[in-house]
Amino acid sequence: MQFSHSDAMWQAFPELRAGALHAGGIHADADVEAAIVSFSAIAEARLVKAQEGEFPEIQAWRRGFSRMGLKPTQYRCASEALLRRFRQEHALPRLHPLIDLCNAISLAFAIPIAVFDIEKIAGDLEVRRAKGDETYLTFAGEIEHPEANEVIFADDEHRAHARRWTNRQSGLSAVRQTTRSVLIVVEALHASAGDDIARLVEAVADALARHWPVVAKTAMLTPVSPRFEF
């Protein structure tokens, strides 16, 4: 199984920096509260100085969304949506230890983190432009069809596991109580994205090892080495 970005995506977004992790042995009984508090404090400190829309990480994604023909304040990248909610409520809802942990790390880095249950993915997963015939399952159980040329995470059965790139994941491969094996993807477009993504991947891998009996397989993705096999 492999994860990748299409050649067209690298050509259209040469500033893209991405990392990926695979880990098995995940369960829903881990106690991640201390880690959540630690990472959330980093976000809280940044938000005291400026709102999320002023962060360079978020501004870069807004520019990226504009280049995709989307209104950045209508469709927000996942990290901006999390930061906005966190700024308003000073907390995020608890869903699953792994998701809660990754959400907190996303807050700290202001970078989107996507987590997929790989048992729900058919074949390989690729970030590419939609053809228009793909299906997307919402969390409410409804089927949608991404628009042609929309950036999606697509598997070999033409199922979209995320829409509008880093805007909205699918309910199909969302992490649940029964999830045991996951693919974690991190992506950024800002000037220091390379260094920040490397630190983020290290932080996620370390957090996984601290809370689950796993050693994550990791990779940094580039146009020269665009595929992560796991």
# chains A, B, ... in the order shown; residues from 1 in each chain; ligands from 1
call {"tool": "select_by_dssp", "arguments": {"residues": "stretch 4-230 of chain A", "states": "strand (DSSP E or B)", "output": "ChimeraX atom specification"}}
result
/A:4-5,17-23,113-117,125-129,135-137,143-144,151-155,159-163,168-169,182-188,217-221,227-229
call {"tool": "residues_around", "arguments": {"residues": "A:His145", "least_positions_apart": "6", "cutoff": "10 Å", "atoms": "only C-alpha atoms", "output": "list of chain:residue names"}}
result
A:Ala130, A:Lys131, A:Gly132, A:Asp133, A:Glu134, A:Thr135, A:Tyr136, A:Leu137, A:Arg159, A:Ala160, A:Arg163
call {"tool": "write_last_selection", "arguments": {"atoms": "C-alpha atoms", "output": "PDB file, in the first residue's frame"}}
result
ATOM      1  CA  ALA A 130     -10.982  14.783  -8.884  1.00  0.00           C
ATOM      2  CA  LYS A 131     -12.364  13.453 -12.139  1.00  0.00           C
ATOM      3  CA  GLY A 132     -15.944  14.015 -10.998  1.00  0.00           C
ATOM      4  CA  ASP A 133     -17.014  10.380 -10.687  1.00  0.00           C
ATOM      5  CA  GLU A 134     -15.657   9.809  -7.174  1.00  0.00           C
ATOM      6  CA  THR A 135     -17.871   9.237  -4.144  1.00  0.00           C
ATOM      7  CA  TYR A 136     -17.466  10.861  -0.739  1.00  0.00           C
ATOM      8  CA  LEU A 137     -19.203   9.694   2.439  1.00  0.00           C
ATOM      9  CA  ARG A 159     -13.608   6.974  -3.187  1.00  0.00           C
ATOM     10  CA  ALA A 160     -12.649  10.378  -1.837  1.00  0.00           C
ATOM     11  CA  ARG A 163     -12.445  16.932   0.017  1.00  0.00           C
TER      12      ARG A 163
END
call {"tool": "residues_around", "arguments": {"residues": "stretch 168-177 of chain A", "least_positions_apart": "5", "cutoff": "12 Å", "atoms": "only C-alpha atoms", "output": "CSV table (one decimal) with N, CA, C and O atoms, in the first residue's frame"}}
result
chain,number,residue,atom,x,y,z
A,26,ILE,N,-2.9,0.5,17.3
A,26,ILE,CA,-3.7,1.6,17.9
A,26,ILE,C,-4.9,1.1,18.7
A,26,ILE,O,-5.5,0.1,18.2
A,27,HIS,N,-5.2,1.7,19.8
A,27,HIS,CA,-6.4,1.3,20.6
A,27,HIS,C,-7.0,2.6,21.2
A,27,HIS,O,-6.4,3.6,21.2
A,28,ALA,N,-8.2,2.5,21.7
A,28,ALA,CA,-8.9,3.7,22.2
A,28,ALA,C,-8.8,3.8,23.7
A,28,ALA,O,-9.5,4.7,24.3
A,29,ASP,N,-7.9,3.1,24.4
A,29,ASP,CA,-7.8,3.2,25.8
A,29,ASP,C,-6.6,4.1,26.3
A,29,ASP,O,-6.4,4.1,27.5
A,30,ALA,N,-5.9,4.7,25.4
A,30,ALA,CA,-4.7,5.5,25.8
A,30,ALA,C,-5.1,6.7,26.6
A,30,ALA,O,-6.1,7.4,26.2
A,75,TYR,N,-14.0,28.1,3.0
A,75,TYR,CA,-13.5,26.8,3.2
A,75,TYR,C,-12.1,26.9,3.8
A,75,TYR,O,-11.2,27.5,3.2
A,76,ARG,N,-12.0,26.5,5.1
A,76,ARG,CA,-10.7,26.6,5.8
A,76,ARG,C,-10.0,25.3,5.9
A,76,ARG,O,-10.6,24.3,5.9
A,77,CYS,N,-8.7,25.4,5.9
A,77,CYS,CA,-7.9,24.2,6.1
A,77,CYS,C,-8.2,23.7,7.5
A,77,CYS,O,-8.6,24.4,8.4
A,78,ALA,N,-7.9,22.4,7.7
A,78,ALA,CA,-8.3,21.7,9.0
A,78,ALA,C,-7.7,22.4,10.2
A,78,ALA,O,-8.3,22.6,11.2
A,79,SER,N,-6.4,22.8,10.1
A,79,SER,CA,-5.7,23.4,11.2
A,79,SER,C,-6.3,24.8,11.6
A,79,SER,O,-6.4,25.1,12.7
A,80,GLU,N,-6.7,25.6,10.5
A,80,GLU,CA,-7.3,26.8,10.8
A,80,GLU,C,-8.7,26.7,11.5
A,80,GLU,O,-9.0,27.4,12.5
A,81,ALA,N,-9.4,25.7,11.0
A,81,ALA,CA,-10.8,25.4,11.7
A,81,ALA,C,-10.6,25.0,13.1
A,81,ALA,O,-11.3,25.5,14.0
A,82,LEU,N,-9.6,24.2,13.4
A,82,LEU,CA,-9.3,23.8,14.8
A,82,LEU,C,-8.9,25.0,15.7
A,82,LEU,O,-9.4,25.2,16.8
A,95,LEU,N,-12.8,13.0,20.9
A,95,LEU,CA,-13.4,12.0,20.0
A,95,LEU,C,-12.8,10.6,20.1
A,95,LEU,O,-13.5,9.7,20.2
A,96,HIS,N,-11.5,10.6,20.1
A,96,HIS,CA,-10.7,9.3,20.2
A,96,HIS,C,-9.3,9.7,20.6
A,96,HIS,O,-8.8,10.8,20.2
A,97,PRO,N,-8.6,9.0,21.5
A,97,PRO,CA,-7.3,9.4,22.0
A,97,PRO,C,-6.4,9.8,20.9
A,97,PRO,O,-5.7,10.9,21.0
A,98,LEU,N,-6.3,9.1,19.8
A,98,LEU,CA,-5.4,9.4,18.7
A,98,LEU,C,-5.8,10.7,18.0
A,98,LEU,O,-5.0,11.5,17.7
A,99,ILE,N,-7.1,10.8,17.7
A,99,ILE,CA,-7.6,12.1,17.1
A,99,ILE,C,-7.4,13.3,18.0
A,99,ILE,O,-6.9,14.3,17.5
A,100,ASP,N,-7.7,13.1,19.3
A,100,ASP,CA,-7.5,14.2,20.2
A,100,ASP,C,-6.1,14.6,20.3
A,100,ASP,O,-5.7,15.8,20.3
A,102,CYS,N,-3.7,14.2,17.9
A,102,CYS,CA,-3.3,14.8,16.7
A,102,CYS,C,-3.9,16.2,16.5
A,102,CYS,O,-3.2,17.1,15.9
A,112,PRO,N,-2.2,21.2,9.2
A,112,PRO,CA,-3.2,20.2,9.1
A,112,PRO,C,-2.6,18.8,9.3
A,112,PRO,O,-1.5,18.5,8.8
A,113,ILE,N,-3.3,17.9,10.1
A,113,ILE,CA,-2.9,16.5,10.3
A,113,ILE,C,-4.1,15.7,9.9
A,113,ILE,O,-5.2,15.8,10.6
A,114,ALA,N,-4.0,14.8,9.0
A,114,ALA,CA,-5.1,13.9,8.6
A,114,ALA,C,-4.8,12.5,9.1
A,114,ALA,O,-3.6,12.0,8.9
A,115,VAL,N,-5.8,11.9,9.7
A,115,VAL,CA,-5.6,10.5,10.2
A,115,VAL,C,-6.6,9.6,9.6
A,115,VAL,O,-7.8,9.8,9.7
A,116,PHE,N,-6.2,8.5,8.9
A,116,PHE,CA,-7.0,7.6,8.2
A,116,PHE,C,-6.9,6.2,8.7
A,116,PHE,O,-5.8,5.7,9.0
A,117,ASP,N,-8.1,5.5,8.9
A,117,ASP,CA,-8.1,4.1,9.2
A,117,ASP,C,-7.8,3.4,7.9
A,117,ASP,O,-8.6,3.4,7.0
A,118,ILE,N,-6.6,2.8,7.8
A,118,ILE,CA,-6.2,2.2,6.5
A,118,ILE,C,-7.1,1.0,6.1
A,118,ILE,O,-7.1,0.6,4.9
A,119,GLU,N,-7.7,0.4,7.0
A,119,GLU,CA,-8.6,-0.8,6.7
A,119,GLU,C,-9.8,-0.3,5.8
A,119,GLU,O,-10.4,-1.2,5.2
A,120,LYS,N,-10.1,0.9,5.8
A,120,LYS,CA,-11.2,1.5,5.1
A,120,LYS,C,-10.8,2.0,3.7
A,120,LYS,O,-11.6,2.6,3.0
A,121,ILE,N,-9.5,1.9,3.4
A,121,ILE,CA,-8.9,2.5,2.2
A,121,ILE,C,-8.7,1.3,1.2
A,121,ILE,O,-8.1,0.3,1.6
A,122,ALA,N,-9.2,1.4,0.0
A,122,ALA,CA,-9.0,0.4,-1.0
A,122,ALA,C,-7.8,0.7,-1.9
A,122,ALA,O,-7.7,1.7,-2.6
A,125,LEU,N,-3.6,5.4,-1.8
A,125,LEU,CA,-4.2,6.7,-1.6
A,125,LEU,C,-3.4,7.8,-2.2
A,125,LEU,O,-2.2,7.8,-2.0
A,135,THR,N,-16.9,9.1,-5.2
A,135,THR,CA,-17.9,9.2,-4.1
A,135,THR,C,-17.2,9.6,-2.8
A,135,THR,O,-16.1,9.3,-2.6
A,136,TYR,N,-18.0,10.4,-2.0
A,136,TYR,CA,-17.5,10.9,-0.7
A,136,TYR,C,-18.6,10.6,0.3
A,136,TYR,O,-19.7,11.1,0.1
A,137,LEU,N,-18.2,10.0,1.4
A,137,LEU,CA,-19.2,9.7,2.4
A,137,LEU,C,-19.0,10.7,3.5
A,137,LEU,O,-18.0,10.8,4.1
A,138,THR,N,-20.1,11.5,3.8
A,138,THR,CA,-20.0,12.5,4.9
A,138,THR,C,-20.2,11.8,6.3
A,138,THR,O,-20.6,10.6,6.3
A,139,PHE,N,-19.9,12.5,7.3
A,139,PHE,CA,-20.1,11.9,8.7
A,139,PHE,C,-21.6,11.7,9.0
A,139,PHE,O,-21.9,10.9,9.9
A,140,ALA,N,-22.4,12.3,8.2
A,140,ALA,CA,-23.9,12.1,8.4
A,140,ALA,C,-24.4,11.0,7.6
A,140,ALA,O,-25.6,10.6,7.7
A,141,GLY,N,-23.5,10.3,6.9
A,141,GLY,CA,-23.9,9.1,6.1
A,141,GLY,C,-24.4,9.4,4.7
A,141,GLY,O,-24.9,8.5,4.0
A,142,GLU,N,-24.2,10.7,4.3
A,142,GLU,CA,-24.7,11.0,2.9
A,142,GLU,C,-23.6,10.9,1.9
A,142,GLU,O,-22.4,11.0,2.2
A,143,ILE,N,-23.9,10.6,0.7
A,143,ILE,CA,-23.0,10.4,-0.4
A,143,ILE,C,-22.9,11.7,-1.2
A,143,ILE,O,-23.9,12.2,-1.7
A,144,GLU,N,-21.7,12.2,-1.4
A,144,GLU,CA,-21.5,13.4,-2.2
A,144,GLU,C,-20.5,13.0,-3.3
A,144,GLU,O,-19.8,12.0,-3.3
A,145,HIS,N,-20.5,13.9,-4.4
A,145,HIS,CA,-19.6,13.7,-5.5
A,145,HIS,C,-18.7,15.0,-5.6
A,145,HIS,O,-19.2,16.0,-5.9
A,146,PRO,N,-17.4,14.9,-5.3
A,146,PRO,CA,-16.5,16.0,-5.5
A,146,PRO,C,-16.6,16.6,-6.9
A,146,PRO,O,-16.8,15.8,-7.9
A,151,VAL,N,-9.4,19.1,-5.4
A,151,VAL,CA,-8.3,18.3,-4.8
A,151,VAL,C,-8.9,17.4,-3.8
A,151,VAL,O,-9.5,17.8,-2.8
A,152,ILE,N,-8.6,16.1,-3.9
A,152,ILE,CA,-9.1,15.1,-3.0
A,152,ILE,C,-8.1,14.1,-2.7
A,152,ILE,O,-7.0,14.0,-3.3
A,153,PHE,N,-8.3,13.3,-1.7
A,153,PHE,CA,-7.5,12.1,-1.3
A,153,PHE,C,-8.3,10.9,-1.9
A,153,PHE,O,-9.4,10.6,-1.4
A,154,ALA,N,-7.8,10.3,-2.9
A,154,ALA,CA,-8.6,9.3,-3.6
A,154,ALA,C,-8.0,7.9,-3.5
A,154,ALA,O,-6.7,7.8,-3.7
A,155,ASP,N,-8.8,6.8,-3.3
A,155,ASP,CA,-8.2,5.5,-3.3
A,155,ASP,C,-8.5,4.8,-4.7
A,155,ASP,O,-9.0,5.4,-5.6
A,159,ARG,N,-13.0,6.4,-4.4
A,159,ARG,CA,-13.6,7.0,-3.2
A,159,ARG,C,-12.7,8.1,-2.6
A,159,ARG,O,-11.5,7.9,-2.5
A,160,ALA,N,-13.4,9.2,-2.4
A,160,ALA,CA,-12.6,10.4,-1.8
A,160,ALA,C,-12.6,10.3,-0.3
A,160,ALA,O,-13.7,10.3,0.3
A,161,HIS,N,-11.5,10.3,0.3
A,161,HIS,CA,-11.3,10.2,1.7
A,161,HIS,C,-11.1,11.6,2.3
A,161,HIS,O,-11.0,11.7,3.6
A,162,ALA,N,-11.0,12.6,1.5
A,162,ALA,CA,-11.0,14.0,2.0
A,162,ALA,C,-11.3,14.9,0.8
A,162,ALA,O,-11.0,14.6,-0.4
A,163,ARG,N,-12.0,16.0,1.0
A,163,ARG,CA,-12.4,16.9,0.0
A,163,ARG,C,-11.7,18.3,0.2
A,163,ARG,O,-11.3,18.6,1.3
A,182,VAL,N,-3.3,3.0,11.2
A,182,VAL,CA,-3.6,4.3,10.7
A,182,VAL,C,-2.5,4.8,9.8
A,182,VAL,O,-1.3,4.4,9.9
A,183,LEU,N,-2.9,5.7,8.8
A,183,LEU,CA,-2.0,6.5,8.0
A,183,LEU,C,-2.2,7.9,8.5
A,183,LEU,O,-3.4,8.4,8.5
A,184,ILE,N,-1.2,8.6,8.8
A,184,ILE,CA,-1.2,10.0,9.3
A,184,ILE,C,-0.5,10.8,8.2
A,184,ILE,O,0.7,10.5,7.9
A,185,VAL,N,-1.1,11.9,7.7
A,185,VAL,CA,-0.5,12.7,6.7
A,185,VAL,C,-0.5,14.2,7.2
A,185,VAL,O,-1.4,14.7,7.7
call {"tool": "atom_distance", "arguments": {"atom1": "atom CA of A:Ala12", "atom2": "atom CA of A:Phe109"}}
result
24.0 Å
call {"tool": "atom_distance", "arguments": {"atom1": "atom CA of A:Phe65", "atom2": "atom CA of A:Leu16"}}
result
12.9 Å
call {"tool": "residues_around", "arguments": {"residues": "A:Met68", "least_positions_apart": "5", "cutoff": "9 Å", "atoms": "only C-alpha atoms", "output": "PyMOL selection string"}}
result
chain A and resi 63+149-151+164
call {"tool": "select_by_dssp", "arguments": {"residues": "stretch 100-154 of chain A", "states": "alpha helix (DSSP H)", "output": "ChimeraX atom specification"}}
result
/A:100-109
call {"tool": "atom_distance", "arguments": {"atom1": "atom CA of A:Asp206", "atom2": "atom CA of A:Phe39"}}
result
13.1 Å
call {"tool": "residues_around", "arguments": {"residues": "A:Val224", "least_positions_apart": "3", "cutoff": "10 Å", "atoms": "only C-alpha atoms", "output": "ChimeraX atom specification"}}
result
/A:10,221,227
call {"tool": "closest_residue", "arguments": {"among": "A:Ala104, A:Val37, A:Val214, A:Ala18", "to": "A:Arg199", "atoms": "only C-alpha atoms"}}
result
A:Ala18
call {"tool": "residues_around", "arguments": {"residues": "A:Ser40", "least_positions_apart": "5", "cutoff": "12 Å", "atoms": "only C-alpha atoms", "output": "NGL selection string"}}
result
:A and (33-35 or 45-47 or 82-83 or 86-87 or 90-92 or 100-110)
call {"tool": "closest_residue", "arguments": {"among": "A:Ala23, A:Ile58, A:Ala216, A:Val127", "to": "A:Phe3", "atoms": "only C-alpha atoms"}}
result
A:Val127
call {"tool": "closest_residue", "arguments": {"among": "A:His190, A:His22, A:Glu57, A:His5", "to": "A:Ala205", "atoms": "only C-alpha atoms"}}
result
A:His22
